[in-house]
>>> print(open('entry13.txt').read())   # compact mmCIF, C-alpha atoms
# COMPACT_ATOMS: atom_id res chain seq x y z
CA GLU A 1 43.23 108.93 -21.50
CA SER A 2 40.39 106.91 -23.01
CA VAL A 3 37.45 105.32 -21.21
CA GLY A 4 39.07 101.94 -21.83
CA ASP A 5 42.25 103.11 -20.10
CA VAL A 6 40.25 104.27 -17.08
CA ALA A 7 38.54 100.86 -16.83
CA ILE A 8 41.86 98.98 -17.09
CA ASP A 9 43.44 101.31 -14.49
CA ARG A 10 40.52 100.57 -12.11
CA ILE A 11 40.96 96.82 -12.47
CA ASP A 12 44.73 97.03 -12.08
CA LYS A 13 44.42 99.26 -9.01
CA PHE A 14 42.41 96.52 -7.31
CA ARG A 15 44.35 93.61 -8.82
CA TYR A 16 47.65 94.82 -7.42
CA ALA A 17 46.35 96.23 -4.10
CA LYS A 18 48.92 95.41 -1.42
CA GLY A 19 47.29 96.65 1.79
CA ASN A 20 46.45 94.64 4.88
CA SER A 21 42.66 94.21 4.64
CA ALA A 22 41.09 91.41 2.62
CA THR A 23 37.98 92.08 0.55
CA ALA A 24 35.91 89.68 2.67
CA ASP A 25 36.88 91.50 5.88
CA ILE A 26 35.95 94.91 4.47
CA ARG A 27 32.68 93.50 3.11
CA LEU A 28 31.83 92.19 6.59
CA GLU A 29 32.52 95.63 8.09
CA MET A 30 30.19 97.20 5.53
CA GLN A 31 27.51 94.59 6.23
CA ARG A 32 27.69 95.12 9.99
CA CYS A 33 27.55 98.89 9.58
CA MET A 34 24.46 98.72 7.39
CA GLN A 35 22.70 96.17 9.62
CA GLU A 36 23.44 98.03 12.85
CA ASP A 37 23.08 101.65 11.74
CA ALA A 38 20.69 101.63 8.78
CA ALA A 39 18.42 98.73 9.67
CA VAL A 40 14.68 98.81 9.05
CA PHE A 41 14.01 101.04 12.07
CA ARG A 42 16.43 103.97 12.20
CA THR A 43 17.21 106.91 14.48
CA GLN A 44 19.29 110.02 14.05
CA ASP A 45 21.93 108.64 16.42
CA SER A 46 22.24 105.37 14.51
CA LEU A 47 22.42 107.14 11.16
CA ASP A 48 24.98 109.71 12.39
CA HIS A 49 27.12 106.82 13.64
CA GLY A 50 26.55 104.96 10.38
CA VAL A 51 27.76 107.88 8.25
CA LYS A 52 31.00 107.96 10.24
CA VAL A 53 31.51 104.19 10.07
CA ILE A 54 30.66 103.78 6.37
CA ASP A 55 33.13 106.57 5.53
CA GLU A 56 35.80 104.69 7.50
CA VAL A 57 34.98 101.44 5.68
CA VAL A 58 35.12 103.14 2.26
CA ASP A 59 38.42 104.79 3.19
CA LYS A 60 39.87 101.44 4.31
CA PHE A 61 38.79 99.88 1.01
CA HIS A 62 40.61 102.54 -1.00
CA THR A 63 43.73 102.77 1.18
CA ASP A 64 44.30 99.36 2.81
CA LEU A 65 42.83 96.75 0.44
CA LYS A 66 44.72 93.51 -0.12
CA VAL A 67 43.99 91.36 -3.18
CA THR A 68 46.07 88.17 -3.23
CA ASP A 69 45.16 86.72 -6.64
CA THR A 70 46.58 88.82 -9.49
CA SER A 71 45.69 86.39 -12.28
CA LEU A 72 43.25 87.23 -15.05
CA VAL A 73 41.65 83.78 -15.26
CA TRP A 74 38.86 82.75 -12.90
CA ASN A 75 39.88 85.39 -10.36
CA THR A 76 37.09 85.34 -7.78
CA ASP A 77 39.12 87.57 -5.45
CA LEU A 78 39.16 90.33 -8.07
CA ILE A 79 35.47 89.84 -8.97
CA GLU A 80 34.46 90.06 -5.30
CA THR A 81 36.56 93.21 -4.96
CA LEU A 82 34.87 94.85 -7.96
CA GLU A 83 31.47 93.86 -6.54
CA LEU A 84 32.40 95.33 -3.15
CA ASP A 85 33.44 98.59 -4.81
CA ASN A 86 29.92 98.86 -6.24
CA LEU A 87 28.28 97.78 -2.97
CA LEU A 88 30.21 100.38 -0.98
CA THR A 89 29.00 103.11 -3.30
CA SER A 90 25.38 102.01 -2.78
CA ALA A 91 25.84 101.59 0.96
CA ARG A 92 27.35 105.03 1.44
CA GLN A 93 24.69 106.73 -0.68
CA THR A 94 21.96 104.87 1.22
CA MET A 95 23.41 105.85 4.60
CA TYR A 96 23.88 109.52 3.68
CA SER A 97 20.43 109.75 2.08
CA ALA A 98 18.71 108.14 5.07
CA ASN A 99 20.60 110.39 7.46
CA ARG A 100 19.31 113.53 5.75
CA ARG A 101 15.64 112.48 5.40
CA LYS A 102 13.71 113.49 8.54
CA GLU A 103 10.56 111.43 8.03
CA SER A 104 9.32 107.87 7.55
CA ARG A 105 8.34 106.93 4.00
CA GLY A 106 7.94 103.47 2.50
CA ALA A 107 10.81 101.21 3.57
CA HIS A 108 12.60 104.14 5.26
CA ALA A 109 11.25 104.02 8.83
CA ARG A 110 12.54 106.51 11.38
CA GLU A 111 11.68 105.86 15.03
CA ASP A 112 12.35 109.54 15.78
CA PHE A 113 10.24 110.73 12.79
CA PRO A 114 7.41 108.17 12.59
CA ASP A 115 5.19 110.10 10.17
CA ARG A 116 5.39 110.85 6.50
CA ASP A 117 6.03 114.55 5.84
CA ASP A 118 4.88 115.48 2.32
CA GLU A 119 5.13 119.19 3.04
CA ASN A 120 8.91 119.09 3.58
CA TRP A 121 9.98 115.82 1.99
CA MET A 122 7.96 115.32 -1.21
CA MET A 123 11.14 115.25 -3.27
CA HIS A 124 13.56 112.84 -4.89
CA THR A 125 16.94 112.29 -3.25
CA LEU A 126 19.91 112.47 -5.61
CA SER A 127 23.26 111.14 -4.46
CA TYR A 128 26.68 111.60 -5.98
CA ASP A 129 29.67 109.60 -4.81
CA SER A 130 33.35 109.63 -5.70
CA VAL A 131 36.57 108.60 -4.02
CA GLU A 132 37.94 112.13 -4.34
CA GLU A 133 34.90 114.08 -3.11
CA GLY A 134 32.99 111.60 -0.95
CA CYS A 135 29.20 111.50 -0.92
CA ARG A 136 27.05 114.52 -1.76
CA ILE A 137 23.26 114.64 -1.46
CA ASP A 138 20.93 116.86 -3.45
CA TYR A 139 17.21 116.88 -4.21
CA ARG A 140 14.82 117.48 -7.07
CA PRO A 141 11.07 118.03 -6.95
CA VAL A 142 8.55 115.30 -7.60
CA HIS A 143 6.50 115.90 -10.74
CA ASP A 144 3.08 114.91 -9.46
CA GLN A 145 1.35 115.55 -12.78
CA PRO A 146 3.84 114.31 -15.40
CA LEU A 147 1.35 114.03 -18.27
CA PRO A 148 -0.59 116.82 -20.00
CA ASP A 149 -4.01 117.68 -18.56
CA GLY A 150 -6.70 115.25 -19.60
CA GLU A 151 -4.28 112.51 -20.65
CA MET A 152 -4.52 110.72 -17.32
CA GLN A 153 -6.43 111.28 -14.10
CA HIS A 154 -4.17 112.67 -11.38
CA ILE A 155 -3.83 110.41 -8.34
CA PRO A 156 -2.60 112.40 -5.34
CA PRO A 157 0.05 110.83 -3.11
CA LYS A 158 -1.01 109.36 0.19
CA ALA A 159 0.55 107.42 3.03
CA ARG A 160 0.59 103.63 2.87
CA VAL A 161 -1.74 102.12 5.41
CA TYR A 162 -1.69 98.46 6.34
>>> encode(input="entry13.txt", output="structure tokens")
Amino acid sequence: ESVGDVAIDRIDKFRYAKGNSATADIRLEMQRCMQEDAAVFRTQDSLDHGVKVIDEVVDKFHTDLKVTDTSLVWNTDLIETLELDNLLTSARQTMYSANRRKESRGAHAREDFPDRDDENWMMHTLSYDSVEEGCRIDYRPVHDQPLPDGEMQHIPPKARVY
């Protein structure tokens, strides 16, 4: 099976989806989940709940989606469905990543972990997502001196202060 076949199969899977849940309804569920459980100020309880809810929303999208317009010309229903597929991937990876990170850093503010924790969390979060395997989180170290010695002065990381 070629890459082109995979892309056509993806479009057709959505185009002919005969479930009970419209794209707009699933998108609203995703939006509410993200606003309620992964808002600017987060807690472990809200993120734990959010992981459960976003998994349910993703599952509904892949098992109960209904697309009513099957045409190939000016099909906004299909375009919105493809966009939601991408948004759900980002939403789930965001929720899972935030749930694992036990600190506040940048735009990720935890009410239960208000401080930045460079000792334990100076690392990049890597997320992998698939329909078959769900969301998996991994990490890689931050390279704090990416250039050879003498090429650029090292600037150590520090907390943002406003």
>>> closest_residue(input="entry13.txt", among="A:Thr89, A:Asn99, A:Asn120, A:Thr68", to="A:Ser46", atoms="only C-alpha atoms")
A:Asn99
>>> closest_residue(input="entry13.txt", among="A:Cys135, A:Met122, A:Ala107, A:Val142", to="A:Phe41", atoms="only C-alpha atoms")
A:Ala107
>>> atom_distance(input="entry13.txt", atom1="atom CA of A:Arg42", atom2="atom CA of A:His108")
7.9 Å
>>> residues_around(input="entry13.txt", residues="A:Met30", least_positions_apart="6", cutoff="8 Å", atoms="all atoms listed in the file", output="list of chain:residue names")
A:Ile54, A:Val57, A:Leu88, A:Ala91
>>> closest_residue(input="entry13.txt", among="A:Glu56, A:Asp117, A:Asp129, A:Asp12", to="A:Ser90", atoms="only C-alpha atoms")
A:Asp129
>>> atom_distance(input="entry13.txt", atom1="atom CA of A:Leu82", atom2="atom CA of A:Gly4")
16.1 Å
>>> residues_around(input="entry13.txt", residues="A:Lys66", least_positions_apart="2", cutoff="8 Å", atoms="all atoms listed in the file", output="PyMOL selection string")
chain A and resi 16-23+64+68
>>> residues_near_point(input="entry13.txt", point="(0.2, 111.7, -11.2)", cutoff="7 Å", atoms="only C-alpha atoms", output="list in words")
Asp144, Gln145, Pro146, His154, Ile155 and Pro156 of chain A
>>> write_last_selection(input="entry13.txt", atoms="C-alpha atoms", output="PDB file, in the coordinates of the input")
ATOM      1  CA  ASP A 144       3.080 114.910  -9.460  1.00  0.00           C
ATOM      2  CA  GLN A 145       1.350 115.550 -12.780  1.00  0.00           C
ATOM      3  CA  PRO A 146       3.840 114.310 -15.400  1.00  0.00           C
ATOM      4  CA  HIS A 154      -4.170 112.670 -11.380  1.00  0.00           C
ATOM      5  CA  ILE A 155      -3.830 110.410  -8.340  1.00  0.00           C
ATOM      6  CA  PRO A 156      -2.600 112.400  -5.340  1.00  0.00           C
TER       7      PRO A 156
END
>>> closest_residue(input="entry13.txt", among="A:Arg101, A:Arg92, A:Arg15, A:Arg110", to="A:Ser127", atoms="only C-alpha atoms")
A:Arg92
>>> closest_residue(input="entry13.txt", among="A:Thr94, A:Ser71, A:Thr63, A:Thr81", to="A:Cys33", atoms="only C-alpha atoms")
A:Thr94
>>> closest_residue(input="entry13.txt", among="A:Glu36, A:Val161, A:Tyr139, A:Glu111", to="A:His124", atoms="all atoms listed in the file")
A:Tyr139
>>> closest_atom_pairs(input="entry13.txt", of="stretch 98-161 of chain A", to="stretch 58-62 of chain A", cutoff="12 Å", atoms="only C-alpha atoms", output="JSON lines")
{"residue": "A:Asp129", "atom": "CA", "partner": "A:Val58", "partner_atom": "CA", "distance": 11.0}
{"residue": "A:Ser130", "atom": "CA", "partner": "A:Val58", "partner_atom": "CA", "distance": 10.4}
{"residue": "A:Val131", "atom": "CA", "partner": "A:His62", "partner_atom": "CA", "distance": 7.9}
{"residue": "A:Glu132", "atom": "CA", "partner": "A:His62", "partner_atom": "CA", "distance": 10.5}
{"residue": "A:Glu133", "atom": "CA", "partner": "A:Asp59", "partner_atom": "CA", "distance": 11.8}
{"residue": "A:Gly134", "atom": "CA", "partner": "A:Val58", "partner_atom": "CA", "distance": 9.3}
{"residue": "A:Cys135", "atom": "CA", "partner": "A:Val58", "partner_atom": "CA", "distance": 10.7}
>>> atom_distance(input="entry13.txt", atom1="atom CA of A:Val51", atom2="atom CA of A:Asp112")
17.2 Å
>>> axis_aligned_box(input="entry13.txt", around="stretch 104-113 of chain A", padding_each_side="5 Å", output="AutoDock Vina command-line options")
--center_x 10.3 --center_y 106.0 --center_z 9.1 --size_x 14.7 --size_y 19.5 --size_z 23.3
>>> decode(input="entry13.txt", residues="stretch 27-67 of chain A", atoms="N, CA and C atoms", output="PDB file, in the first residue's frame")
ATOM      1  N   ARG A  27     -16.124  18.429  18.293  1.00  0.00           N
ATOM      2  CA  ARG A  27     -15.219  19.563  18.467  1.00  0.00           C
ATOM      3  C   ARG A  27     -15.570  20.346  19.731  1.00  0.00           C
ATOM      4  N   LEU A  28     -16.854  20.548  19.990  1.00  0.00           N
ATOM      5  CA  LEU A  28     -17.288  21.254  21.188  1.00  0.00           C
ATOM      6  C   LEU A  28     -16.902  20.482  22.449  1.00  0.00           C
ATOM      7  N   GLU A  29     -17.020  19.162  22.420  1.00  0.00           N
ATOM      8  CA  GLU A  29     -16.590  18.353  23.567  1.00  0.00           C
ATOM      9  C   GLU A  29     -15.095  18.513  23.819  1.00  0.00           C
ATOM     10  N   MET A  30     -14.305  18.505  22.737  1.00  0.00           N
ATOM     11  CA  MET A  30     -12.863  18.695  22.874  1.00  0.00           C
ATOM     12  C   MET A  30     -12.570  20.079  23.459  1.00  0.00           C
ATOM     13  N   GLN A  31     -13.240  21.089  22.946  1.00  0.00           N
ATOM     14  CA  GLN A  31     -13.021  22.457  23.402  1.00  0.00           C
ATOM     15  C   GLN A  31     -13.351  22.599  24.891  1.00  0.00           C
ATOM     16  N   ARG A  32     -14.472  22.051  25.306  1.00  0.00           N
ATOM     17  CA  ARG A  32     -14.855  22.126  26.722  1.00  0.00           C
ATOM     18  C   ARG A  32     -13.847  21.395  27.608  1.00  0.00           C
ATOM     19  N   CYS A  33     -13.420  20.228  27.158  1.00  0.00           N
ATOM     20  CA  CYS A  33     -12.430  19.464  27.921  1.00  0.00           C
ATOM     21  C   CYS A  33     -11.149  20.272  28.111  1.00  0.00           C
ATOM     22  N   MET A  34     -10.655  20.855  27.049  1.00  0.00           N
ATOM     23  CA  MET A  34      -9.400  21.606  27.136  1.00  0.00           C
ATOM     24  C   MET A  34      -9.569  22.862  27.993  1.00  0.00           C
ATOM     25  N   GLN A  35     -10.692  23.553  27.866  1.00  0.00           N
ATOM     26  CA  GLN A  35     -10.919  24.769  28.646  1.00  0.00           C
ATOM     27  C   GLN A  35     -11.119  24.474  30.124  1.00  0.00           C
ATOM     28  N   GLU A  36     -11.785  23.375  30.430  1.00  0.00           N
ATOM     29  CA  GLU A  36     -12.073  23.054  31.826  1.00  0.00           C
ATOM     30  C   GLU A  36     -10.922  22.335  32.523  1.00  0.00           C
ATOM     31  N   ASP A  37     -10.204  21.475  31.808  1.00  0.00           N
ATOM     32  CA  ASP A  37      -9.219  20.621  32.460  1.00  0.00           C
ATOM     33  C   ASP A  37      -7.765  20.958  32.171  1.00  0.00           C
ATOM     34  N   ALA A  38      -7.519  21.759  31.141  1.00  0.00           N
ATOM     35  CA  ALA A  38      -6.132  22.147  30.827  1.00  0.00           C
ATOM     36  C   ALA A  38      -6.065  23.650  30.580  1.00  0.00           C
ATOM     37  N   ALA A  39      -6.804  24.385  31.382  1.00  0.00           N
ATOM     38  CA  ALA A  39      -6.810  25.845  31.252  1.00  0.00           C
ATOM     39  C   ALA A  39      -5.455  26.405  31.689  1.00  0.00           C
ATOM     40  N   VAL A  40      -5.360  27.697  31.780  1.00  0.00           N
ATOM     41  CA  VAL A  40      -4.078  28.328  32.122  1.00  0.00           C
ATOM     42  C   VAL A  40      -3.567  27.836  33.468  1.00  0.00           C
ATOM     43  N   PHE A  41      -4.427  27.769  34.464  1.00  0.00           N
ATOM     44  CA  PHE A  41      -4.023  27.306  35.794  1.00  0.00           C
ATOM     45  C   PHE A  41      -4.557  25.896  35.980  1.00  0.00           C
ATOM     46  N   ARG A  42      -3.643  24.952  36.198  1.00  0.00           N
ATOM     47  CA  ARG A  42      -3.972  23.530  36.189  1.00  0.00           C
ATOM     48  C   ARG A  42      -3.654  22.894  37.530  1.00  0.00           C
ATOM     49  N   THR A  43      -4.328  21.785  37.814  1.00  0.00           N
ATOM     50  CA  THR A  43      -4.032  20.964  38.992  1.00  0.00           C
ATOM     51  C   THR A  43      -3.960  19.510  38.557  1.00  0.00           C
ATOM     52  N   GLN A  44      -3.434  18.678  39.426  1.00  0.00           N
ATOM     53  CA  GLN A  44      -3.361  17.256  39.101  1.00  0.00           C
ATOM     54  C   GLN A  44      -4.749  16.672  38.894  1.00  0.00           C
ATOM     55  N   ASP A  45      -5.699  17.073  39.738  1.00  0.00           N
ATOM     56  CA  ASP A  45      -7.068  16.553  39.599  1.00  0.00           C
ATOM     57  C   ASP A  45      -7.668  16.934  38.252  1.00  0.00           C
ATOM     58  N   SER A  46      -7.496  18.199  37.848  1.00  0.00           N
ATOM     59  CA  SER A  46      -8.086  18.624  36.575  1.00  0.00           C
ATOM     60  C   SER A  46      -7.414  17.912  35.403  1.00  0.00           C
ATOM     61  N   LEU A  47      -6.119  17.732  35.480  1.00  0.00           N
ATOM     62  CA  LEU A  47      -5.403  17.063  34.389  1.00  0.00           C
ATOM     63  C   LEU A  47      -5.717  15.566  34.334  1.00  0.00           C
ATOM     64  N   ASP A  48      -5.840  14.916  35.498  1.00  0.00           N
ATOM     65  CA  ASP A  48      -6.237  13.498  35.514  1.00  0.00           C
ATOM     66  C   ASP A  48      -7.611  13.333  34.873  1.00  0.00           C
ATOM     67  N   HIS A  49      -8.527  14.222  35.233  1.00  0.00           N
ATOM     68  CA  HIS A  49      -9.870  14.183  34.644  1.00  0.00           C
ATOM     69  C   HIS A  49      -9.783  14.460  33.146  1.00  0.00           C
ATOM     70  N   GLY A  50      -8.959  15.418  32.767  1.00  0.00           N
ATOM     71  CA  GLY A  50      -8.810  15.782  31.364  1.00  0.00           C
ATOM     72  C   GLY A  50      -8.275  14.648  30.506  1.00  0.00           C
ATOM     73  N   VAL A  51      -7.334  13.880  31.025  1.00  0.00           N
ATOM     74  CA  VAL A  51      -6.794  12.725  30.286  1.00  0.00           C
ATOM     75  C   VAL A  51      -7.917  11.738  29.993  1.00  0.00           C
ATOM     76  N   LYS A  52      -8.744  11.478  30.999  1.00  0.00           N
ATOM     77  CA  LYS A  52      -9.855  10.543  30.816  1.00  0.00           C
ATOM     78  C   LYS A  52     -10.850  11.073  29.777  1.00  0.00           C
ATOM     79  N   VAL A  53     -11.206  12.345  29.898  1.00  0.00           N
ATOM     80  CA  VAL A  53     -12.207  12.920  28.995  1.00  0.00           C
ATOM     81  C   VAL A  53     -11.679  13.037  27.571  1.00  0.00           C
ATOM     82  N   ILE A  54     -10.428  13.474  27.394  1.00  0.00           N
ATOM     83  CA  ILE A  54      -9.917  13.634  26.026  1.00  0.00           C
ATOM     84  C   ILE A  54      -9.805  12.268  25.347  1.00  0.00           C
ATOM     85  N   ASP A  55      -9.472  11.221  26.100  1.00  0.00           N
ATOM     86  CA  ASP A  55      -9.459   9.874  25.516  1.00  0.00           C
ATOM     87  C   ASP A  55     -10.854   9.465  25.059  1.00  0.00           C
ATOM     88  N   GLU A  56     -11.866   9.806  25.847  1.00  0.00           N
ATOM     89  CA  GLU A  56     -13.248   9.499  25.467  1.00  0.00           C
ATOM     90  C   GLU A  56     -13.652  10.261  24.203  1.00  0.00           C
ATOM     91  N   VAL A  57     -13.244  11.521  24.111  1.00  0.00           N
ATOM     92  CA  VAL A  57     -13.582  12.333  22.940  1.00  0.00           C
ATOM     93  C   VAL A  57     -12.890  11.774  21.688  1.00  0.00           C
ATOM     94  N   VAL A  58     -11.622  11.423  21.817  1.00  0.00           N
ATOM     95  CA  VAL A  58     -10.886  10.846  20.683  1.00  0.00           C
ATOM     96  C   VAL A  58     -11.530   9.526  20.264  1.00  0.00           C
ATOM     97  N   ASP A  59     -11.886   8.705  21.234  1.00  0.00           N
ATOM     98  CA  ASP A  59     -12.532   7.430  20.918  1.00  0.00           C
ATOM     99  C   ASP A  59     -13.861   7.659  20.197  1.00  0.00           C
ATOM    100  N   LYS A  60     -14.652   8.612  20.665  1.00  0.00           N
ATOM    101  CA  LYS A  60     -15.926   8.922  20.008  1.00  0.00           C
ATOM    102  C   LYS A  60     -15.697   9.360  18.571  1.00  0.00           C
ATOM    103  N   PHE A  61     -14.666  10.171  18.353  1.00  0.00           N
ATOM    104  CA  PHE A  61     -14.361  10.641  17.004  1.00  0.00           C
ATOM    105  C   PHE A  61     -14.076   9.467  16.072  1.00  0.00           C
ATOM    106  N   HIS A  62     -13.339   8.485  16.562  1.00  0.00           N
ATOM    107  CA  HIS A  62     -12.936   7.370  15.703  1.00  0.00           C
ATOM    108  C   HIS A  62     -13.955   6.236  15.630  1.00  0.00           C
ATOM    109  N   THR A  63     -14.966   6.256  16.510  1.00  0.00           N
ATOM    110  CA  THR A  63     -15.943   5.161  16.493  1.00  0.00           C
ATOM    111  C   THR A  63     -17.374   5.602  16.228  1.00  0.00           C
ATOM    112  N   ASP A  64     -17.692   6.890  16.413  1.00  0.00           N
ATOM    113  CA  ASP A  64     -19.090   7.316  16.312  1.00  0.00           C
ATOM    114  C   ASP A  64     -19.270   8.582  15.469  1.00  0.00           C
ATOM    115  N   LEU A  65     -18.304   8.911  14.646  1.00  0.00           N
ATOM    116  CA  LEU A  65     -18.358  10.119  13.813  1.00  0.00           C
ATOM    117  C   LEU A  65     -19.405   9.983  12.717  1.00  0.00           C
ATOM    118  N   LYS A  66     -20.103  11.094  12.475  1.00  0.00           N
ATOM    119  CA  LYS A  66     -21.068  11.146  11.369  1.00  0.00           C
ATOM    120  C   LYS A  66     -20.700  12.322  10.466  1.00  0.00           C
ATOM    121  N   VAL A  67     -20.419  12.032   9.204  1.00  0.00           N
ATOM    122  CA  VAL A  67     -20.178  13.070   8.197  1.00  0.00           C
ATOM    123  C   VAL A  67     -21.311  12.946   7.184  1.00  0.00           C
TER     124      VAL A  67
END
